[in-house]
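So this one's start_7.cif, mmCIF, C-alpha atoms, pLDDT in the B column; chains and numbers go by the auth columns:
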data_model
loop_
_atom_site.group_PDB
_atom_site.id
_atom_site.type_symbol
_atom_site.label_atom_id
_atom_site.label_comp_id
_atom_site.label_asym_id
_atom_site.label_seq_id
_atom_site.Cartn_x
_atom_site.Cartn_y
_atom_site.Cartn_z
_atom_site.B_iso_or_equiv
_atom_site.auth_seq_id
_atom_site.auth_asym_id
ATOM 1 C CA MET A 1 -29.691 -54.500 19.364 74.00 1 A
ATOM 2 C CA LYS A 2 -27.691 -55.900 16.446 85.00 2 A
ATOM 3 C CA LYS A 3 -28.898 -59.427 17.220 91.00 3 A
ATOM 4 C CA LYS A 4 -32.400 -58.265 16.369 90.00 4 A
ATOM 5 C CA ILE A 5 -31.259 -57.656 12.776 93.00 5 A
ATOM 6 C CA PRO A 6 -30.523 -60.430 10.236 94.00 6 A
ATOM 7 C CA LEU A 7 -26.811 -61.041 9.746 96.00 7 A
ATOM 8 C CA ILE A 8 -27.050 -60.409 5.997 96.00 8 A
ATOM 9 C CA VAL A 9 -28.156 -56.829 6.738 96.00 9 A
ATOM 10 C CA LEU A 10 -25.267 -56.228 9.141 95.00 10 A
ATOM 11 C CA GLU A 11 -22.778 -57.701 6.678 96.00 11 A
ATOM 12 C CA THR A 12 -24.101 -55.520 3.850 96.00 12 A
ATOM 13 C CA LEU A 13 -23.771 -52.371 5.965 96.00 13 A
ATOM 14 C CA GLU A 14 -20.578 -53.303 7.818 95.00 14 A
ATOM 15 C CA LYS A 15 -18.146 -51.291 5.702 93.00 15 A
ATOM 16 C CA TYR A 16 -20.251 -48.159 6.113 94.00 16 A
ATOM 17 C CA VAL A 17 -19.892 -48.155 9.898 89.00 17 A
ATOM 18 C CA LYS A 18 -16.343 -46.758 9.806 85.00 18 A
ATOM 19 C CA LEU A 19 -16.402 -45.355 6.307 90.00 19 A
ATOM 20 C CA LYS A 20 -14.464 -42.087 5.875 84.00 20 A
ATOM 21 C CA GLY A 21 -14.562 -39.494 3.132 87.00 21 A
ATOM 22 C CA GLU A 22 -13.518 -35.941 2.334 85.00 22 A
ATOM 23 C CA GLN A 23 -17.062 -34.904 1.446 91.00 23 A
ATOM 24 C CA PHE A 24 -19.210 -36.871 3.892 93.00 24 A
ATOM 25 C CA GLU A 25 -19.458 -38.058 7.480 90.00 25 A
ATOM 26 C CA VAL A 26 -21.128 -41.151 8.905 92.00 26 A
ATOM 27 C CA ILE A 27 -22.978 -40.141 12.060 90.00 27 A
ATOM 28 C CA SER A 28 -25.176 -41.793 14.692 89.00 28 A
ATOM 29 C CA PRO A 29 -28.096 -43.360 12.806 92.00 29 A
ATOM 30 C CA ASP A 30 -30.710 -42.717 15.506 88.00 30 A
ATOM 31 C CA LYS A 31 -33.735 -44.736 14.344 91.00 31 A
ATOM 32 C CA PHE A 32 -32.184 -45.571 10.960 95.00 32 A
ATOM 33 C CA LEU A 33 -29.665 -48.243 9.961 96.00 33 A
ATOM 34 C CA ILE A 34 -27.139 -45.837 8.438 96.00 34 A
ATOM 35 C CA LYS A 35 -27.030 -42.042 8.385 96.00 35 A
ATOM 36 C CA VAL A 36 -24.504 -40.109 6.283 96.00 36 A
ATOM 37 C CA VAL A 37 -24.380 -36.321 5.901 96.00 37 A
ATOM 38 C CA ASP A 38 -22.543 -33.786 3.785 95.00 38 A
ATOM 39 C CA LYS A 39 -19.582 -32.362 5.735 90.00 39 A
ATOM 40 C CA ASP A 40 -20.448 -28.875 4.528 88.00 40 A
ATOM 41 C CA THR A 41 -22.213 -27.299 7.512 81.00 41 A
ATOM 42 C CA ASP A 42 -24.302 -25.124 5.186 85.00 42 A
ATOM 43 C CA SER A 43 -25.610 -28.158 3.316 94.00 43 A
ATOM 44 C CA ASP A 44 -28.639 -30.340 4.050 96.00 44 A
ATOM 45 C CA PHE A 45 -27.592 -33.181 1.709 98.00 45 A
ATOM 46 C CA TYR A 46 -27.735 -36.669 3.219 97.00 46 A
ATOM 47 C CA PHE A 47 -27.844 -40.416 2.487 98.00 47 A
ATOM 48 C CA ASN A 48 -29.939 -42.541 4.848 97.00 48 A
ATOM 49 C CA ILE A 49 -30.748 -46.242 4.958 97.00 49 A
ATOM 50 C CA GLU A 50 -34.005 -46.261 6.856 97.00 50 A
ATOM 51 C CA ASP A 51 -35.195 -49.876 6.899 97.00 51 A
ATOM 52 C CA TYR A 52 -34.842 -53.358 5.428 97.00 52 A
ATOM 53 C CA LYS A 53 -37.038 -56.239 4.363 97.00 53 A
ATOM 54 C CA MET A 54 -36.445 -59.745 3.062 95.00 54 A
ATOM 55 C CA GLU A 55 -38.399 -60.017 -0.173 92.00 55 A
ATOM 56 C CA ASN A 56 -36.722 -62.095 -2.878 92.00 56 A
ATOM 57 C CA GLY A 57 -33.441 -61.190 -1.209 95.00 57 A
ATOM 58 C CA LEU A 58 -32.434 -58.170 0.849 97.00 58 A
ATOM 59 C CA LYS A 59 -34.201 -54.886 0.094 97.00 59 A
ATOM 60 C CA LEU A 60 -33.188 -51.562 1.650 98.00 60 A
ATOM 61 C CA LEU A 61 -35.247 -48.396 2.023 98.00 61 A
ATOM 62 C CA ILE A 62 -32.889 -45.598 0.949 98.00 62 A
ATOM 63 C CA ASP A 63 -33.497 -41.850 1.235 98.00 63 A
ATOM 64 C CA TRP A 64 -30.936 -39.541 -0.347 98.00 64 A
ATOM 65 C CA LYS A 65 -30.547 -35.861 -1.175 98.00 65 A
ATOM 66 C CA PRO A 66 -29.873 -34.505 -3.745 97.00 66 A
ATOM 67 C CA ALA A 67 -31.740 -36.977 -5.897 96.00 67 A
ATOM 68 C CA ASN A 68 -29.536 -36.307 -8.929 96.00 68 A
ATOM 69 C CA LYS A 69 -27.798 -33.478 -10.790 95.00 69 A
ATOM 70 C CA GLU A 70 -31.147 -32.202 -12.084 96.00 70 A
ATOM 71 C CA SER A 71 -32.782 -31.864 -8.654 96.00 71 A
ATOM 72 C CA ILE A 72 -31.797 -30.801 -5.114 96.00 72 A
ATOM 73 C CA SER A 73 -34.859 -32.508 -3.614 97.00 73 A
ATOM 74 C CA ASN A 74 -34.636 -35.918 -1.981 97.00 74 A
ATOM 75 C CA SER A 75 -35.508 -39.325 -3.419 97.00 75 A
ATOM 76 C CA ARG A 76 -36.746 -42.288 -1.379 97.00 76 A
ATOM 77 C CA ALA A 77 -37.188 -45.847 -2.617 97.00 77 A
ATOM 78 C CA TRP A 78 -36.722 -49.540 -1.873 97.00 78 A
ATOM 79 C CA ARG A 79 -33.642 -50.892 -3.627 96.00 79 A
ATOM 80 C CA ASP A 80 -31.910 -54.263 -3.851 96.00 80 A
ATOM 81 C CA GLY A 81 -29.161 -54.554 -1.236 96.00 81 A
ATOM 82 C CA LYS A 82 -26.673 -55.402 -3.998 95.00 82 A
ATOM 83 C CA GLN A 83 -27.276 -51.962 -5.528 94.00 83 A
ATOM 84 C CA LEU A 84 -26.353 -50.059 -2.370 96.00 84 A
ATOM 85 C CA ASP A 85 -22.708 -49.393 -3.224 96.00 85 A
ATOM 86 C CA GLY A 86 -23.651 -48.020 -6.631 95.00 86 A
ATOM 87 C CA PHE A 87 -26.280 -45.668 -5.228 95.00 87 A
ATOM 88 C CA PHE A 88 -23.922 -44.419 -2.527 97.00 88 A
ATOM 89 C CA SER A 89 -21.090 -43.865 -5.027 96.00 89 A
ATOM 90 C CA ASN A 90 -23.417 -41.820 -7.213 97.00 90 A
ATOM 91 C CA TRP A 91 -24.394 -39.673 -4.237 97.00 91 A
ATOM 92 C CA VAL A 92 -20.744 -39.058 -3.271 97.00 92 A
ATOM 93 C CA SER A 93 -19.992 -38.142 -6.892 97.00 93 A
ATOM 94 C CA LEU A 94 -22.626 -35.413 -6.681 97.00 94 A
ATOM 95 C CA LEU A 95 -20.975 -33.979 -3.553 96.00 95 A
ATOM 96 C CA LYS A 96 -17.576 -34.014 -5.254 95.00 96 A
ATOM 97 C CA ARG A 97 -18.953 -32.230 -8.313 95.00 97 A
ATOM 98 C CA TYR A 98 -20.546 -29.526 -6.140 94.00 98 A
ATOM 99 C CA GLU A 99 -17.115 -29.012 -4.585 89.00 99 A
ATOM 100 C CA THR A 100 -15.273 -28.613 -7.882 89.00 100 A
ATOM 101 C CA VAL A 101 -17.777 -26.799 -10.101 90.00 101 A
ATOM 102 C CA ASN A 102 -17.040 -23.086 -10.545 84.00 102 A
ATOM 103 C CA SER A 103 -19.863 -20.671 -9.781 86.00 103 A
ATOM 104 C CA PHE A 104 -20.590 -17.046 -8.871 86.00 104 A
ATOM 105 C CA PHE A 105 -21.287 -18.229 -5.323 85.00 105 A
ATOM 106 C CA ASP A 106 -17.623 -19.103 -4.786 82.00 106 A
ATOM 107 C CA ASP A 107 -15.280 -16.791 -2.910 90.00 107 A
ATOM 108 C CA PRO A 108 -11.750 -17.481 -4.199 90.00 108 A
ATOM 109 C CA ILE A 109 -10.168 -15.015 -1.749 94.00 109 A
ATOM 110 C CA LEU A 110 -11.787 -16.685 1.261 93.00 110 A
ATOM 111 C CA GLU A 111 -10.935 -20.141 -0.071 91.00 111 A
ATOM 112 C CA SER A 112 -7.299 -19.126 -0.567 94.00 112 A
ATOM 113 C CA PHE A 113 -6.950 -17.906 3.021 94.00 113 A
ATOM 114 C CA ALA A 114 -8.699 -21.018 4.376 93.00 114 A
ATOM 115 C CA GLU A 115 -6.410 -23.323 2.388 91.00 115 A
ATOM 116 C CA GLU A 116 -3.353 -21.426 3.645 92.00 116 A
ATOM 117 C CA TYR A 117 -4.367 -21.782 7.297 91.00 117 A
ATOM 118 C CA TYR A 118 -5.396 -25.416 6.919 90.00 118 A
ATOM 119 C CA ALA A 119 -2.038 -26.273 5.328 88.00 119 A
ATOM 120 C CA GLU A 120 -0.207 -24.802 8.330 84.00 120 A
ATOM 121 C CA PHE A 121 -1.632 -27.464 10.648 82.00 121 A
ATOM 122 C CA GLU A 122 -0.220 -30.381 8.655 68.00 122 A
ATOM 123 C CA ILE A 123 -2.839 -32.908 9.774 66.00 123 A
ATOM 124 C CA ILE A 124 -1.101 -36.224 9.192 60.00 124 A
ATOM 125 C CA ASP A 125 -2.580 -38.349 11.995 68.00 125 A
ATOM 126 C CA GLU A 126 -4.023 -41.613 10.700 70.00 126 A
ATOM 127 C CA ASP A 127 -7.063 -41.115 12.917 76.00 127 A
ATOM 128 C CA ALA A 128 -7.598 -37.449 12.010 78.00 128 A
ATOM 129 C CA GLU A 129 -10.914 -38.206 10.301 78.00 129 A
ATOM 130 C CA THR A 130 -12.322 -40.355 13.098 77.00 130 A
ATOM 131 C CA LYS A 131 -10.877 -39.257 16.460 84.00 131 A
ATOM 132 C CA PRO A 132 -11.552 -35.962 18.271 87.00 132 A
ATOM 133 C CA LEU A 133 -9.012 -33.584 19.764 89.00 133 A
ATOM 134 C CA ASN A 134 -7.959 -34.440 23.294 88.00 134 A
ATOM 135 C CA SER A 135 -9.535 -32.644 26.257 90.00 135 A
ATOM 136 C CA LYS A 136 -6.690 -30.130 26.748 86.00 136 A
ATOM 137 C CA GLN A 137 -6.723 -29.194 23.078 88.00 137 A
ATOM 138 C CA ILE A 138 -10.485 -28.737 23.166 92.00 138 A
ATOM 139 C CA LEU A 139 -10.310 -26.401 26.163 91.00 139 A
ATOM 140 C CA MET A 140 -7.494 -24.401 24.565 88.00 140 A
ATOM 141 C CA LEU A 141 -9.353 -23.967 21.301 92.00 141 A
ATOM 142 C CA ASP A 142 -12.619 -23.150 23.056 94.00 142 A
ATOM 143 C CA GLU A 143 -10.861 -20.379 24.987 92.00 143 A
ATOM 144 C CA HIS A 144 -9.460 -18.965 21.766 93.00 144 A
ATOM 145 C CA LEU A 145 -12.891 -19.005 20.091 94.00 145 A
ATOM 146 C CA GLU A 146 -14.542 -17.431 23.122 95.00 146 A
ATOM 147 C CA PHE A 147 -11.999 -14.595 23.053 93.00 147 A
ATOM 148 C CA ILE A 148 -12.733 -13.889 19.388 95.00 148 A
ATOM 149 C CA LYS A 149 -16.494 -13.920 19.883 95.00 149 A
ATOM 150 C CA LYS A 150 -16.367 -11.563 22.866 93.00 150 A
ATOM 151 C CA ASN A 151 -13.968 -9.051 21.352 94.00 151 A
ATOM 152 C CA ILE A 152 -14.956 -8.986 17.704 95.00 152 A
ATOM 153 C CA GLU A 153 -17.900 -6.776 18.650 91.00 153 A
ATOM 154 C CA ASN A 154 -15.405 -3.956 19.240 93.00 154 A
ATOM 155 C CA PHE A 155 -14.757 -3.860 15.488 94.00 155 A
ATOM 156 C CA LYS A 156 -18.385 -3.869 14.331 93.00 156 A
ATOM 157 C CA THR A 157 -19.546 -1.209 11.866 93.00 157 A
ATOM 158 C CA LYS A 158 -22.614 -0.820 9.673 90.00 158 A
ATOM 159 C CA ASN A 159 -20.571 -2.141 6.763 93.00 159 A
ATOM 160 C CA ASN A 160 -19.320 -5.363 8.404 93.00 160 A
ATOM 161 C CA GLU A 161 -22.139 -6.223 10.822 94.00 161 A
ATOM 162 C CA GLU A 162 -23.499 -9.054 8.681 94.00 162 A
ATOM 163 C CA GLN A 163 -20.044 -10.608 8.158 94.00 163 A
ATOM 164 C CA LEU A 164 -19.178 -10.418 11.865 96.00 164 A
ATOM 165 C CA ASN A 165 -22.494 -11.999 12.841 95.00 165 A
ATOM 166 C CA GLU A 166 -21.705 -14.827 10.428 94.00 166 A
ATOM 167 C CA ILE A 167 -18.285 -15.312 12.036 96.00 167 A
ATOM 168 C CA LYS A 168 -19.867 -15.414 15.496 96.00 168 A
ATOM 169 C CA GLN A 169 -22.398 -18.006 14.329 95.00 169 A
ATOM 170 C CA ASP A 170 -19.589 -20.119 12.848 95.00 170 A
ATOM 171 C CA ILE A 171 -17.761 -19.879 16.160 96.00 171 A
ATOM 172 C CA GLU A 172 -20.816 -21.036 18.109 96.00 172 A
ATOM 173 C CA THR A 173 -21.294 -23.984 15.757 93.00 173 A
ATOM 174 C CA LEU A 174 -17.652 -24.999 16.108 95.00 174 A
ATOM 175 C CA ARG A 175 -17.651 -24.667 19.889 96.00 175 A
ATOM 176 C CA GLU A 176 -20.757 -26.854 20.152 94.00 176 A
ATOM 177 C CA LYS A 177 -19.108 -29.603 18.109 91.00 177 A
ATOM 178 C CA LEU A 178 -15.555 -29.567 19.527 94.00 178 A
ATOM 179 C CA THR A 179 -16.197 -32.724 21.546 94.00 179 A
ATOM 180 C CA SER A 180 -18.156 -34.620 18.907 88.00 180 A
ATOM 181 C CA LYS A 181 -16.330 -33.983 15.625 87.00 181 A
ATOM 182 C CA SER A 182 -13.039 -35.294 14.265 86.00 182 A
ATOM 183 C CA LYS A 183 -9.733 -33.435 14.396 87.00 183 A
ATOM 184 C CA LYS A 184 -9.856 -32.847 10.653 86.00 184 A
ATOM 185 C CA TRP A 185 -13.378 -31.419 10.745 88.00 185 A
ATOM 186 C CA VAL A 186 -12.468 -29.070 13.588 91.00 186 A
ATOM 187 C CA ILE A 187 -9.304 -27.786 11.902 91.00 187 A
ATOM 188 C CA LYS A 188 -11.064 -27.302 8.579 90.00 188 A
ATOM 189 C CA ASN A 189 -13.795 -25.218 10.186 93.00 189 A
ATOM 190 C CA LEU A 190 -11.322 -23.277 12.324 94.00 190 A
ATOM 191 C CA SER A 191 -9.414 -22.448 9.140 94.00 191 A
ATOM 192 C CA ILE A 192 -12.606 -21.088 7.560 94.00 192 A
ATOM 193 C CA ILE A 193 -13.252 -18.876 10.599 96.00 193 A
ATOM 194 C CA TRP A 194 -9.686 -17.579 10.482 95.00 194 A
ATOM 195 C CA ALA A 195 -10.076 -16.930 6.744 96.00 195 A
ATOM 196 C CA LYS A 196 -13.245 -14.904 7.309 96.00 196 A
ATOM 197 C CA ILE A 197 -11.482 -12.871 9.994 96.00 197 A
ATOM 198 C CA THR A 198 -8.505 -12.278 7.702 95.00 198 A
ATOM 199 C CA LYS A 199 -10.757 -11.054 4.905 95.00 199 A
ATOM 200 C CA GLN A 200 -12.053 -8.311 7.218 95.00 200 A
ATOM 201 C CA GLY A 201 -8.657 -6.611 7.184 94.00 201 A
ATOM 202 C CA THR A 202 -5.276 -6.272 8.863 93.00 202 A
ATOM 203 C CA SER A 203 -6.702 -4.778 12.070 93.00 203 A
ATOM 204 C CA PHE A 204 -8.648 -8.001 12.612 94.00 204 A
ATOM 205 C CA MET A 205 -5.558 -10.089 11.873 92.00 205 A
ATOM 206 C CA LYS A 206 -3.439 -8.115 14.349 92.00 206 A
ATOM 207 C CA GLU A 207 -6.033 -8.463 17.091 91.00 207 A
ATOM 208 C CA PHE A 208 -7.082 -12.087 16.659 92.00 208 A
ATOM 209 C CA LEU A 209 -4.515 -13.805 14.453 90.00 209 A
ATOM 210 C CA ASN A 210 -1.117 -12.383 15.287 82.00 210 A
ATOM 211 C CA GLU A 211 1.734 -14.885 15.150 74.00 211 A
ATOM 212 C CA ALA A 212 1.790 -15.506 18.915 75.00 212 A
ATOM 213 C CA LYS A 213 -1.896 -16.445 18.983 77.00 213 A
ATOM 214 C CA LYS A 214 -1.671 -18.553 15.824 78.00 214 A
ATOM 215 C CA THR A 215 1.454 -20.331 17.065 77.00 215 A
ATOM 216 C CA ALA A 216 -0.148 -21.088 20.440 76.00 216 A
ATOM 217 C CA ILE A 217 -3.135 -22.691 18.762 80.00 217 A
ATOM 218 C CA LYS A 218 -1.241 -24.546 16.028 77.00 218 A
ATOM 219 C CA GLU A 219 1.455 -25.921 18.318 74.00 219 A
ATOM 220 C CA GLY A 220 -1.032 -26.770 21.030 72.00 220 A
ATOM 221 C CA LEU A 221 -3.211 -28.729 18.619 73.00 221 A
ATOM 222 C CA LYS A 222 -0.388 -30.356 16.670 65.00 222 A
ATOM 223 C CA LEU A 223 2.027 -31.213 19.462 53.00 223 A
ATOM 224 C CA MET A 224 -0.343 -31.331 22.463 42.00 224 A
ATOM 225 C CA ILE A 225 1.774 -28.774 24.311 35.00 225 A
ATOM 226 C CA GLU A 226 0.171 -27.132 27.316 37.00 226 A
ATOM 227 C CA LEU A 227 0.322 -23.377 26.758 37.00 227 A
ATOM 228 C CA GLY A 228 -0.893 -20.770 29.168 37.00 228 A
ATOM 229 C CA SER A 229 -4.156 -18.991 28.419 38.00 229 A
ATOM 230 C CA ASN A 230 -2.250 -15.685 28.325 42.00 230 A
ATOM 231 C CA MET A 231 -0.631 -16.836 25.059 40.00 231 A
ATOM 232 C CA ILE A 232 -4.065 -17.338 23.548 43.00 232 A
ATOM 233 C CA ASN A 233 -5.887 -14.328 24.967 44.00 233 A
#

In structure tokens, how does this file's structure come out?
Amino acid sequence: MKKKIPLIVLETLEKYVKLKGEQFEVISPDKFLIKVVDKDTDSDFYFNIEDYKMENGLKLLIDWKPANKESISNSRAWRDGKQLDGFFSNWVSLLKRYETVNSFFDDPILESFAEEYYAEFEIIDEDAETKPLNSKQILMLDEHLEFIKKNIENFKTKNNEEQLNEIKQDIETLREKLTSKSKKWVIKNLSIIWAKITKQGTSFMKEFLNEAKKTAIKEGLKLMIELGSNMIN
């Protein structure tokens, strides 16, 4: 396939193939040349390089969202290949600003719990942003998530039904992506689920996040120790 594309195009895009970032993820391009998405699962922001043409040098058809800080719609245009890095840097800057700007949509309590749980995992692997968990870790974590989803219904009330449905949806999303996402992505999203459970109260923590359960998951993921399912469930 790559030998059907001019070398200058491949060389221009080469560094994007394994590019890593806190705010974005490079995924399978499908019919495009490059496809990058916002790591936030609730976001539909993206940066795609759809096509190329040789016209007074290399030109790339770029589609990105948000277009700029004044608009959340997309923008699509042919641009000189030499301008690619600048356009991509501008797009990443928008993602970073969304992450740091304070707003009434933020939940500082939830963020605090999520940061606490994420810090406990101490993800220091060099390949944490590119490699997935191993198969035993995936099965262990999937079992833990399945247990939460099945049993959290026992705590449902009229007051927390919406929040618990959101937790269950987050769990389903995470379970679907355990084999296709990086270690770091998985741990970050697990930490958010744990944070949402914690915010529901101490009874939820005692049932789903007591120290034995948390230790089984953390040690199993960090040290690749085989722990029995009875320690998780």

Report task. Find the residues near range 145-155 of chain A: any atom within 8 Å, counting all atoms listed in the file, skip ones fewer than 4 places away on the same chain, and give them as a list in words. Result ->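 That gives Leu141, Leu164, Lys168, Ile171, Arg175, Phe204, Phe208 and Asn233 of chain A.
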
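Every protein or nucleic acid residue with an atom no more than 7 Å from range 38-52 of chain A, counting all atoms listed in the file and leaving out same-chain residues fewer than 4 positions away, appears here: A:Gln23, A:Phe24, A:Glu25, A:Phe32, A:Leu33, A:Ile34, A:Lys59, A:Leu60, A:Leu61, A:Ile62, A:Asp63, A:Trp64, A:Lys65, A:Pro66.
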
Report task. Determine the nearest neighbour of Lys131 in chain A from the options A:Glu143, A:Glu176, A:Trp185, A:Lys35, counting all atoms listed in the file. Result -> A:Trp185

Query raised in the report: When the PyMOL selection byres ((chain A and resi 6-19) around 9) is applied to the file above, which residues end up in the set, as a ChimeraX atom specification?
Result: /A:2-5,20-21,25-27,33-34,52,58,60,81-82,84,130

Query raised in the report: Which value, in Å to one decimal, gives the distance between CA of Lys199 in chain A and CA of Ala114 in chain A?
Result: 10.2 Å

Query raised in the report: Contacts of Ala119 in chain A at 10 Å or less, counting all atoms listed in the file, minus same-chain residues fewer than 6 places along, as a PyMOL selection string?
Result: chain A and resi 113+187-188+191

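For the set A:Lys181, A:Arg79, A:Ala67, A:Met1, the residue with the smallest atom-to-atom gap to Met54 in chain A is A:Arg79, counting only C-alpha atoms.
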
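Between Lys213 in chain A and the residues A:Asn160, A:Glu115, A:His144, A:Leu174, the shortest atom-to-atom distance, using all atoms listed in the file, involves A:His144.
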
Query raised in the report: When you draw a straight line from CA of Ser75 in chain A to CA of Thr100 in chain A, how long is it in Å?
Result: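 Answer for the CA of Ser75 in chain A to CA of Thr100 in chain A separation: 23.3 Å.
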
**Report entry** Shell of 9 Å around Leu221 in chain A, all atoms listed in the file, local chain residues under 5 positions omitted, as a PyMOL selection string
**Finding:** chain A and resi 121+133-134+136-138+140-141+216

Query raised in the report: With all atoms listed in the file as the basis for distance, which of A:Asp142, A:Glu219, A:Glu129, A:Glu120 is at the shortest distance from Thr179 in chain A?
Result: A:Asp142

Fewer than 4 positions away in the same chain doesn't count, so skip those; otherwise give me all residues within 9 Å of range 209-211 of chain A, counting all atoms listed in the file, as a short mmCIF file (atom, residue, chain, number, x, y, z; two decimals) with C-alpha atoms, keeping the file's coordinate frame.
data_model
loop_
_atom_site.label_atom_id
_atom_site.label_comp_id
_atom_site.auth_asym_id
_atom_site.auth_seq_id
_atom_site.Cartn_x
_atom_site.Cartn_y
_atom_site.Cartn_z
CA TRP A 194 -9.69 -17.58 10.48
CA ILE A 197 -11.48 -12.87 9.99
CA THR A 198 -8.51 -12.28 7.70
CA PHE A 204 -8.65 -8.00 12.61
CA MET A 205 -5.56 -10.09 11.87
CA THR A 215 1.45 -20.33 17.07
CA ALA A 216 -0.15 -21.09 20.44
#
